[in-house]
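K.L.:
If it helps, the file is called protein-v5.txt and holds compact mmCIF, C-alpha atoms:
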# COMPACT_ATOMS: atom_id res chain seq x y z
CA MET A 132 -18.58 15.34 -20.48
CA ASN A 133 -17.04 16.23 -23.83
CA SER A 134 -13.39 15.49 -24.50
CA PRO A 135 -10.92 18.33 -24.01
CA PHE A 136 -10.26 20.51 -27.03
CA LEU A 137 -7.26 22.22 -25.41
CA GLU A 138 -5.57 21.89 -22.04
CA THR A 139 -3.32 24.22 -20.10
CA SER A 140 -1.63 23.69 -16.76
CA ARG A 141 -4.79 24.71 -14.87
CA LEU A 142 -7.62 24.54 -17.41
CA ILE A 143 -9.49 22.18 -19.66
CA LEU A 144 -11.18 23.84 -22.62
CA ARG A 145 -13.85 21.53 -24.03
CA PRO A 146 -16.92 21.91 -26.22
CA LEU A 147 -20.01 23.14 -24.44
CA ALA A 148 -22.81 20.61 -24.07
CA ASN A 149 -26.48 20.88 -23.14
CA GLU A 150 -25.57 19.69 -19.64
CA ASP A 151 -23.56 22.91 -19.20
CA PHE A 152 -26.61 25.14 -19.54
CA SER A 153 -27.18 25.91 -15.85
CA SER A 154 -23.49 26.65 -15.24
CA LEU A 155 -23.25 28.72 -18.43
CA HIS A 156 -26.41 30.67 -17.65
CA ALA A 157 -25.22 31.32 -14.08
CA VAL A 158 -22.22 33.14 -15.61
CA LEU A 159 -23.95 34.85 -18.56
CA SER A 160 -26.88 36.07 -16.45
CA LYS A 161 -24.65 38.14 -14.15
CA GLU A 162 -24.75 41.83 -15.03
CA LYS A 163 -21.36 42.25 -13.35
CA VAL A 164 -19.82 39.66 -15.70
CA MET A 165 -21.67 40.88 -18.79
CA TYR A 166 -21.15 44.61 -18.21
CA ALA A 167 -19.60 45.05 -21.66
CA TRP A 168 -22.92 43.87 -23.13
CA GLU A 169 -24.73 46.21 -20.72
CA HIS A 170 -27.02 43.45 -19.43
CA GLY A 171 -27.04 39.95 -18.03
CA PHE A 172 -28.44 37.33 -20.41
CA SER A 173 -31.94 35.97 -20.05
CA GLU A 174 -32.50 32.20 -20.14
CA THR A 175 -33.49 32.54 -23.81
CA GLU A 176 -30.30 34.47 -24.63
CA SER A 177 -28.15 31.91 -22.80
CA THR A 178 -29.95 29.10 -24.67
CA ASP A 179 -29.30 30.88 -27.97
CA PHE A 180 -25.64 31.39 -27.00
CA LEU A 181 -25.23 27.67 -26.26
CA ARG A 182 -26.95 26.63 -29.49
CA ASN A 183 -24.82 29.07 -31.50
CA MET A 184 -21.59 27.69 -30.02
CA CYS A 185 -22.67 24.08 -30.71
CA LYS A 186 -23.54 25.02 -34.30
CA ARG A 187 -20.15 26.73 -34.73
CA TYR A 188 -18.32 23.55 -33.60
CA GLN A 189 -19.99 21.82 -36.55
CA THR A 190 -19.47 24.60 -39.14
CA ASP A 191 -16.14 26.09 -38.05
CA GLY A 192 -14.57 23.40 -35.86
CA TYR A 193 -14.17 25.83 -32.97
CA ALA A 194 -16.07 28.42 -30.91
CA TYR A 195 -16.16 29.44 -27.27
CA PHE A 196 -15.37 26.43 -25.10
CA ALA A 197 -16.31 25.56 -21.55
CA ALA A 198 -13.39 26.58 -19.34
CA VAL A 199 -13.07 24.08 -16.50
CA GLU A 200 -10.61 24.52 -13.65
CA LYS A 201 -8.67 21.25 -13.38
CA SER A 202 -8.11 21.29 -9.63
CA SER A 203 -11.80 21.67 -8.71
CA SER A 204 -13.58 20.60 -11.93
CA SER A 205 -15.45 23.92 -11.66
CA PHE A 206 -17.02 25.50 -14.75
CA ILE A 207 -15.46 28.97 -14.67
CA GLY A 208 -16.76 30.44 -17.94
CA VAL A 209 -16.00 30.29 -21.65
CA ILE A 210 -12.84 30.96 -23.62
CA GLY A 211 -12.31 30.45 -27.31
CA LEU A 212 -12.18 31.52 -30.91
CA LEU A 213 -15.01 32.81 -33.10
CA ARG A 214 -15.27 33.39 -36.81
CA GLU A 215 -16.39 37.04 -37.07
CA GLU A 216 -17.26 39.56 -39.75
CA ILE A 217 -15.69 42.95 -39.08
CA GLU A 218 -16.30 45.62 -41.72
CA GLY A 219 -16.71 43.00 -44.44
CA GLU A 220 -13.60 41.00 -43.47
CA THR A 221 -13.85 37.48 -42.08
CA CYS A 222 -11.61 37.25 -39.02
CA ILE A 223 -10.83 34.83 -36.26
CA GLY A 224 -11.62 36.52 -32.98
CA ILE A 225 -10.56 35.48 -29.51
CA GLY A 226 -12.68 36.00 -26.42
CA TYR A 227 -13.19 35.10 -22.80
CA ILE A 228 -16.11 35.42 -20.40
CA LEU A 229 -15.29 34.24 -16.88
CA ASP A 230 -17.37 34.12 -13.73
CA ASP A 231 -16.36 37.05 -11.55
CA THR A 232 -15.33 34.69 -8.73
CA PHE A 233 -12.45 33.61 -11.01
CA TRP A 234 -11.33 37.09 -12.11
CA GLY A 235 -7.79 38.20 -11.39
CA LYS A 236 -6.31 34.69 -11.27
CA GLY A 237 -4.79 34.61 -14.77
CA TYR A 238 -7.29 32.12 -16.22
CA ALA A 239 -8.38 34.35 -19.13
CA LEU A 240 -4.77 34.92 -20.15
CA GLU A 241 -3.86 31.24 -19.77
CA GLY A 242 -6.82 29.99 -21.82
CA ALA A 243 -6.51 32.74 -24.43
CA LYS A 244 -2.80 31.95 -24.92
CA ALA A 245 -3.69 28.33 -25.70
CA CYS A 246 -6.38 29.46 -28.15
CA LEU A 247 -4.05 31.95 -29.83
CA SER A 248 -1.41 29.26 -30.26
CA TYR A 249 -4.03 26.91 -31.71
CA ALA A 250 -5.24 29.58 -34.15
CA PHE A 251 -1.74 30.10 -35.52
CA SER A 252 -0.43 26.52 -35.45
CA LYS A 253 -3.55 24.54 -36.43
CA LEU A 254 -5.84 27.01 -38.21
CA HIS A 255 -2.90 28.79 -39.89
CA ALA A 256 -4.51 32.14 -39.11
CA HIS A 257 -2.67 35.13 -40.53
CA ARG A 258 -4.23 37.39 -37.87
CA VAL A 259 -6.34 36.96 -34.73
CA ILE A 260 -8.37 39.82 -33.35
CA ALA A 261 -10.07 40.74 -30.10
CA ASP A 262 -12.84 43.32 -30.31
CA ILE A 263 -13.15 44.91 -26.87
CA ARG A 264 -15.22 47.76 -25.48
CA PRO A 265 -12.95 50.72 -24.59
CA GLU A 266 -14.15 50.71 -20.95
CA ASN A 267 -13.39 46.98 -20.51
CA ALA A 268 -9.97 47.56 -18.96
CA ALA A 269 -9.52 43.98 -17.73
CA SER A 270 -10.09 42.44 -21.17
CA ARG A 271 -7.87 45.06 -22.76
CA ARG A 272 -5.07 44.13 -20.32
CA VAL A 273 -5.45 40.44 -21.25
CA ALA A 274 -5.22 41.30 -24.97
CA GLU A 275 -2.14 43.44 -24.37
CA ARG A 276 -0.50 40.70 -22.26
CA LEU A 277 -1.14 38.34 -25.19
CA GLY A 278 0.99 40.72 -27.28
CA MET A 279 -2.00 42.07 -29.21
CA LYS A 280 -1.86 45.66 -30.45
CA ALA A 281 -4.74 48.09 -30.93
CA GLU A 282 -5.33 48.63 -34.66
CA GLY A 283 -8.51 50.63 -34.80
CA VAL A 284 -12.09 51.06 -33.66
CA PHE A 285 -15.20 49.30 -34.90
CA ASP A 286 -18.84 50.02 -34.03
CA LYS A 287 -21.01 47.00 -33.33
CA PHE A 288 -24.75 47.42 -33.46
CA TYR A 289 -26.24 45.55 -30.50
CA TYR A 290 -29.58 45.87 -28.75
CA GLY A 291 -30.49 48.88 -30.83
CA LYS A 292 -27.36 50.89 -30.18
CA HIS A 293 -23.92 51.45 -31.60
CA MET A 294 -21.19 50.20 -29.29
CA PRO A 295 -17.60 51.13 -30.11
CA HIS A 296 -15.03 48.35 -29.81
CA ILE A 297 -11.25 48.61 -30.01
CA ILE A 298 -9.82 46.06 -32.43
CA TYR A 299 -6.71 44.39 -31.06
CA ALA A 300 -4.70 42.10 -33.35
CA ALA A 301 -2.00 39.47 -33.04
CA TYR A 302 0.02 37.97 -35.86
CA PRO A 303 1.79 34.62 -36.08
CA PRO A 304 5.23 34.54 -34.54
CA THR A 305 7.98 34.74 -37.12
CA THR A 306 10.66 32.12 -37.32
CA THR A 307 14.23 32.62 -38.39
CA GLY A 308 15.68 30.23 -40.95
CA ASP A 309 19.33 29.22 -41.35
CA ASN A 310 19.99 32.31 -43.47
CA GLY A 311 18.90 34.64 -40.65
CA ASN A 312 15.91 35.95 -42.57
CA ALA A 313 12.40 35.65 -41.27
CA SER A 314 10.53 32.91 -43.07
Hey, can you dump this file as structure tokens for me?
P.N.:
Amino acid sequence: MNSPFLETSRLILRPLANEDFSSLHAVLSKEKVMYAWEHGFSETESTDFLRNMCKRYQTDGYAYFAAVEKSSSSFIGVIGLLREEIEGETCIGIGYILDDTFWGKGYALEGAKACLSYAFSKLHAHRVIADIRPENAASRRVAERLGMKAEGVFDKFYYGKHMPHIIYAAYPPTTTGDNGNAS
């Protein structure tokens, strides 16, 4: 098993490995989980997803990570950061795809908070986005609980169709210096 990239009180976020394929595919193949994509992933799509994440670890130093519940060592999905191109701008995006058996337990928020903190403190991001389908109420709630604000709409072209996404954004926390001004 790969070493942890980030840890929270209940989760280990670690790089995906080839050994994770069956657990990853079990999550990505569920139409219920992947409803925002409008289809569950085939084995080929899950393989491509895994390869893409492993490549991104090498090129970017981060990507979606395996989210493992500490108490049970269960693979519960993926949570992480992705370098994205949105309307010609390179952004750091945050995302989470969890097995539906782990929905509603706060894991997406917990893992995403750790990733957001990492993006600001280690990557020195000036902005982190989440691009979320308007009908994906659960993911929108997570973004809002992270303190992200809707800033606009962006159409992604996927599987031959335009899919609108709301762009949520978070900015680094400001600190106050001795003079009382934000620095």
K.L.:
Restricting the calculation to only C-alpha atoms: of A:Ile223, A:Phe206, A:Thr178, A:His255, which residue gets closest to A:Pro303?
P.N.:
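When distances to A:Pro303 are compared using only C-alpha atoms, the smallest one comes from A:His255.
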K.L.:
Starting from the point (-8.9, 30.0, -21.5), work out which residues of protein, DNA or RNA have an atom no more than 7 Å away when counting only C-alpha atoms; state them as a list in words.
P.N.:
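Selection result: Leu142, Leu144, Ala198, Ile210, Gly211, Tyr227, Tyr238, Ala239, Leu240, Glu241, Gly242, Ala243 and Ala245 of chain A.
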K.L.:
Using all atoms listed in the file, which of the listed residues (A:Lys161, A:Lys186, A:Arg141, A:Lys244) sits closest to A:Ser204?
P.N.:
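With all atoms listed in the file as the atom set, the closest residue is A:Arg141.
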K.L.:
If you take all atoms listed in the file and a cut-off of 9 Å, which residues of stretch 195-234 of chain A touch stretch 259-269 of chain A, and what are their nearest atom pairs and distances in Å to one decimal, in chain and number order, as a tab-separated table?
P.N.:
residue	atom	partner	partner_atom	distance
A:Leu212	CA	A:Val259	CA	8.8
A:Cys222	CA	A:Val259	CA	6.8
A:Ile223	CA	A:Val259	CA	5.2
A:Gly224	CA	A:Ile260	CA	4.6
A:Ile225	CA	A:Ala261	CA	5.3
A:Gly226	CA	A:Ala261	CA	6.5
K.L.:
With distances taken over all atoms listed in the file, which of A:Asp191, A:Asp179, A:Phe196, A:Met279 is nearest to A:Ala148?
P.N.:
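Distance minimum relative to A:Ala148 lands on A:Phe196.
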K.L.:
Return the single residue from A:Arg258, A:Lys201, A:His293, A:His170 that is closest to A:Arg214, with distances computed using all atoms listed in the file.
P.N.:
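Under the stated criterion, the closest residue is A:Arg258.
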K.L.:
So, counting only C-alpha atoms, which residue among A:Glu282, A:Glu176, A:Glu138, A:Glu169 is closest to A:Phe152?
P.N.:
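Comparing A:Glu282, A:Glu176, A:Glu138, A:Glu169 against A:Phe152, the winner is A:Glu176.
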K.L.:
Between atom CA of A:Thr221 and atom CA of A:Ser173, what distance in Å does the model show, to one decimal?
P.N.:
28.5 Å
K.L.:
May I ask which of the residues A:Ser154, A:Ala167, A:Leu277, A:Ser270 is the closest one to A:Pro295, counting all atoms listed in the file?
P.N.:
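Residue with the minimum atom-to-atom distance to A:Pro295: A:Ala167.
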